[in-house]
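Written below as structure tokens is the structure these notes are about.
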Amino acid sequence: MCDGVFNHVSREHPLVRRALAEGHDSPAAALFDFRQARDGNWYPQVFEGHPDLVELNHSDPEVVALGTSVLEDWCDRGADAWRMDAAYAVPPSFWAKVLPPVREAHPDLLTVGEVIHGDYPAIVGESTLDSVTQYELWKAIWSSLDSGNLFELDWSLQRHDGFLDTFVPTTFVGNHDVTRIATKVGVEGAAVAATILMGVGGMPVVYHGDELAMTGLKEDRPGGDDAVRPEFPAHPSPPTGGAARMMRLHQDLIGLRRRHPWLVVARTASRQLTNEHAEWDVRGPEEGQHLVLVVDLRGPS
């Protein structure tokens, strides 16, 4: 899976430099989203206030063609899946134009859009992306564990079932843009979070280091991602202590997914629910595909 950034490019990109040099009405500038400011001058739009990231003009046919050519080039080289960075900032219609020629040549291509909020099924339908990131479930998992309110998780799982009627969401409890789960809810809570992640429908993704109970706080400042994106050693030592136990848990949970591949499309139904104790029936589409997910936050009695 490649990480595709089709929303913006560096301000140092040769085409951006050319557009800035030739002016907003030049052919090069048509590739970017230039807008007129109150001072009467034209400036390229930047991504989320970052001056070094210039946004593309997704309505321009050349940008569409460029997106298709980039995807085709890497798929021809062997890539068979793409994570579309900042897909929430790109018009869904852009993907609907870019993807069909690529799928024609690579019919098994998997595409996942990074979408934080919004109408997930509508975005998938309009964009033709295969999946989007399920931030709703991510939030419900850590928040429910943190606050001792499993009703929040149950409500999110009901919505999750609705999403599964349209597409298979990409699920996670950690990624490179958020505080690590072991920092959010502690190591024991992170183990529970991993179990929930692997016990419900969707395509679960493990952020590297979470399988070792790594910690890291994301901060809203320059360099604020550094703690959740540490450099890994070239030759890591075997995990010990809590890291080894978390690794073993992840191995067991991944083994569970492999033995029960129907979990990808499984639905959940509450059979018992209180603030700190819940049980869900997890069922696949065929008879006999059934597990019970139990979450108990009450601690040892």
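Ordered as shown in the structure tokens, chains take letters A, B, and onward, while each chain numbers its residues from 1 and ligands are numbered from 1 in the order shown.
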
| query | Which neighbours of His160 in chain A fall inside 10 Å, counting only C-alpha atoms, when residues of the same chain fewer than 5 positions from it are skipped, and could you give them as a count of residues only? | reply | 13

| said: Excluding Thr195 in chain A and its own-chain neighbours fewer than 5 positions away, which residues fall within 12 Å of it when counting only C-alpha atoms? Please give them as a list in words. | reply: Ile141, Phe172, Val173, Glu188, Gly189, Ala190, Val200, Pro204, Val206, Glu211, Met246, Leu249, His250, Gln251, Asp252, Leu253, Ile254, Leu256, Arg257, Val292, Leu293, Val294, Val295 and Asp296 of chain A

| Who sits within 12 Å of Asp80 in chain A, only C-alpha atoms, same chain under 6 positions skipped, as a PyMOL selection string | chain A and resi 1-3+71-74+102-103+105-112

| message | Residues of range 9-223 of chain A classed as strand (DSSP E) by DSSP on the backbone are to be reported as a ChimeraX atom specification. | response | /A:9-10,34-36,42-44,53-55,81-85,110-113,131-132,170-172,203-205

| request: Please provide as a list of chain:residue names all residues within 8 Å of Leu150 in chain A, with the sequence filter that same-chain residues fewer than 4 positions apart are discarded (counting only C-alpha atoms). | output: A:Ser144, A:Leu145, A:Asp154, A:Leu273, A:Thr274, A:Asn275, A:Glu276, A:His277, A:Ala278

All heavy atoms of the current selection, written as a JSON list (two decimals), in the first residue's frame:
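What landed in out28.json:
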```json
[["chain", "number", "residue", "atom", "x", "y", "z"],
["A", 144, "SER", "N", -14.72, 5.80, 25.48],
["A", 144, "SER", "CA", -15.51, 4.92, 26.35],
["A", 144, "SER", "C", -14.65, 4.31, 27.44],
["A", 144, "SER", "O", -15.07, 4.22, 28.61],
["A", 144, "SER", "CB", -16.15, 3.81, 25.51],
["A", 144, "SER", "OG", -17.08, 4.32, 24.61],
["A", 145, "LEU", "N", -13.44, 3.89, 27.08],
["A", 145, "LEU", "CA", -12.55, 3.32, 28.08],
["A", 145, "LEU", "C", -12.08, 4.38, 29.07],
["A", 145, "LEU", "O", -11.97, 4.11, 30.28],
["A", 145, "LEU", "CB", -11.35, 2.67, 27.40],
["A", 145, "LEU", "CG", -11.64, 1.54, 26.40],
["A", 145, "LEU", "CD1", -10.34, 0.96, 25.87],
["A", 145, "LEU", "CD2", -12.50, 0.46, 27.04],
["A", 154, "ASP", "N", -21.23, 1.40, 22.35],
["A", 154, "ASP", "CA", -22.35, 0.67, 21.77],
["A", 154, "ASP", "C", -23.04, 1.49, 20.68],
["A", 154, "ASP", "O", -23.40, 0.96, 19.61],
["A", 154, "ASP", "CB", -23.36, 0.30, 22.86],
["A", 154, "ASP", "CG", -24.52, -0.51, 22.31],
["A", 154, "ASP", "OD1", -24.30, -1.68, 21.92],
["A", 154, "ASP", "OD2", -25.65, 0.03, 22.25],
["A", 273, "LEU", "N", -25.48, -4.54, 28.63],
["A", 273, "LEU", "CA", -24.82, -3.25, 28.53],
["A", 273, "LEU", "C", -25.03, -2.43, 29.80],
["A", 273, "LEU", "O", -26.15, -2.15, 30.20],
["A", 273, "LEU", "CB", -25.36, -2.46, 27.33],
["A", 273, "LEU", "CG", -24.75, -1.08, 27.06],
["A", 273, "LEU", "CD1", -23.27, -1.19, 26.75],
["A", 273, "LEU", "CD2", -25.49, -0.39, 25.91],
["A", 274, "THR", "N", -23.92, -2.08, 30.45],
["A", 274, "THR", "CA", -23.90, -1.10, 31.53],
["A", 274, "THR", "C", -22.74, -0.16, 31.25],
["A", 274, "THR", "O", -22.01, -0.32, 30.26],
["A", 274, "THR", "CB", -23.71, -1.77, 32.91],
["A", 274, "THR", "OG1", -22.39, -2.35, 32.98],
["A", 274, "THR", "CG2", -24.76, -2.84, 33.15],
["A", 275, "ASN", "N", -22.53, 0.81, 32.12],
["A", 275, "ASN", "CA", -21.44, 1.75, 31.90],
["A", 275, "ASN", "C", -20.09, 1.05, 31.78],
["A", 275, "ASN", "O", -19.25, 1.42, 30.95],
["A", 275, "ASN", "CB", -21.37, 2.77, 33.04],
["A", 275, "ASN", "CG", -22.40, 3.87, 32.91],
["A", 275, "ASN", "OD1", -22.91, 4.12, 31.83],
["A", 275, "ASN", "ND2", -22.72, 4.49, 34.03],
["A", 276, "GLU", "N", -19.87, 0.04, 32.63],
["A", 276, "GLU", "CA", -18.53, -0.55, 32.73],
["A", 276, "GLU", "C", -18.47, -2.01, 32.33],
["A", 276, "GLU", "O", -17.40, -2.63, 32.41],
["A", 276, "GLU", "CB", -17.99, -0.38, 34.15],
["A", 276, "GLU", "CG", -17.78, 1.09, 34.54],
["A", 276, "GLU", "CD", -17.15, 1.23, 35.89],
["A", 276, "GLU", "OE1", -17.72, 0.67, 36.86],
["A", 276, "GLU", "OE2", -16.09, 1.86, 36.00],
["A", 277, "HIS", "N", -19.59, -2.58, 31.92],
["A", 277, "HIS", "CA", -19.57, -3.97, 31.48],
["A", 277, "HIS", "C", -20.51, -4.11, 30.29],
["A", 277, "HIS", "O", -21.65, -3.66, 30.33],
["A", 277, "HIS", "CB", -20.03, -4.92, 32.60],
["A", 277, "HIS", "CG", -20.02, -6.36, 32.18],
["A", 277, "HIS", "ND1", -18.92, -7.17, 32.32],
["A", 277, "HIS", "CD2", -20.98, -7.14, 31.60],
["A", 277, "HIS", "CE1", -19.19, -8.37, 31.86],
["A", 277, "HIS", "NE2", -20.43, -8.38, 31.42],
["A", 278, "ALA", "N", -20.00, -4.75, 29.23],
["A", 278, "ALA", "CA", -20.82, -4.92, 28.03],
["A", 278, "ALA", "C", -20.47, -6.24, 27.36],
["A", 278, "ALA", "O", -19.33, -6.71, 27.42],
["A", 278, "ALA", "CB", -20.64, -3.77, 27.06]]
```

I'd like the contact shell of Trp142 in chain A - 12 Å cut-off, only C-alpha atoms, skipping same-chain residues fewer than 4 positions apart - returned as a short mmCIF file (atom, residue, chain, number, x, y, z; two decimals) with C-alpha atoms, in the first residue's frame.
```
data_model
loop_
_atom_site.label_atom_id
_atom_site.label_comp_id
_atom_site.auth_asym_id
_atom_site.auth_seq_id
_atom_site.Cartn_x
_atom_site.Cartn_y
_atom_site.Cartn_z
CA TYR A 135 -12.52 7.98 13.12
CA GLU A 136 -15.92 7.74 14.81
CA LEU A 137 -15.13 4.26 16.12
CA TRP A 138 -11.58 5.27 17.07
CA ASP A 146 -11.33 6.64 29.42
CA SER A 147 -14.70 7.73 30.82
CA GLY A 148 -16.11 4.34 31.78
CA ASN A 149 -19.08 4.82 29.46
CA LEU A 150 -19.58 1.79 27.23
CA GLU A 152 -20.86 5.52 23.80
CA LEU A 153 -19.09 2.53 22.27
CA SER A 156 -20.83 3.89 17.70
CA PHE A 172 -7.79 1.61 14.05
CA VAL A 173 -7.02 2.67 17.61
CA GLY A 174 -3.87 4.59 16.73
CA VAL A 178 -3.09 11.06 17.19
CA THR A 179 -1.86 10.48 20.73
CA ARG A 180 -0.90 6.85 21.17
CA ILE A 181 -3.57 4.63 22.65
CA ALA A 182 -1.35 3.53 25.58
CA THR A 183 -1.00 7.21 26.52
CA LYS A 184 -4.73 7.82 26.14
CA VAL A 185 -5.98 4.95 28.30
CA GLY A 186 -2.93 3.27 29.82
CA VAL A 187 -1.35 -0.03 28.84
CA GLU A 188 -4.19 -2.17 30.20
CA GLY A 189 -6.71 0.02 28.42
CA ALA A 190 -4.69 -0.27 25.21
CA ALA A 191 -4.96 -4.05 25.46
CA VAL A 192 -8.75 -3.75 25.76
CA ALA A 193 -8.81 -1.31 22.84
CA ALA A 194 -6.86 -3.73 20.66
CA ILE A 196 -12.28 -4.37 20.57
CA LEU A 197 -10.57 -3.37 17.33
#
```

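Atom pair CA of Gly223 in chain A / CA of Phe6 in chain A: separated by 23.0 Å.
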
| request: List every residue of range 55-285 of chain A that DSSP, applied to the backbone of this structure, assigns to alpha helix (DSSP H), and report them as a ChimeraX atom specification. | output: /A:61-76,92-105,120-127,135-147,150-164,181-199,241-259

| field | A:Pro92, A:Gly199, A:Pro236, A:Pro100 ranked by distance to Val264 in chain A, top pick (using only C-alpha atoms) | value |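 Residue with the minimum atom-to-atom distance to Val264 in chain A: A:Gly199.
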
| query | How far is it from CA of Phe47 in chain A to CA of Cys75 in chain A, in Å with one decimal? | reply |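 If I compute the distance from CA of Phe47 in chain A to CA of Cys75 in chain A, I get 26.7 Å.
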
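Between CA of Gly49 in chain A and CA of Glu22 in chain A there is a distance of 23.3 Å.
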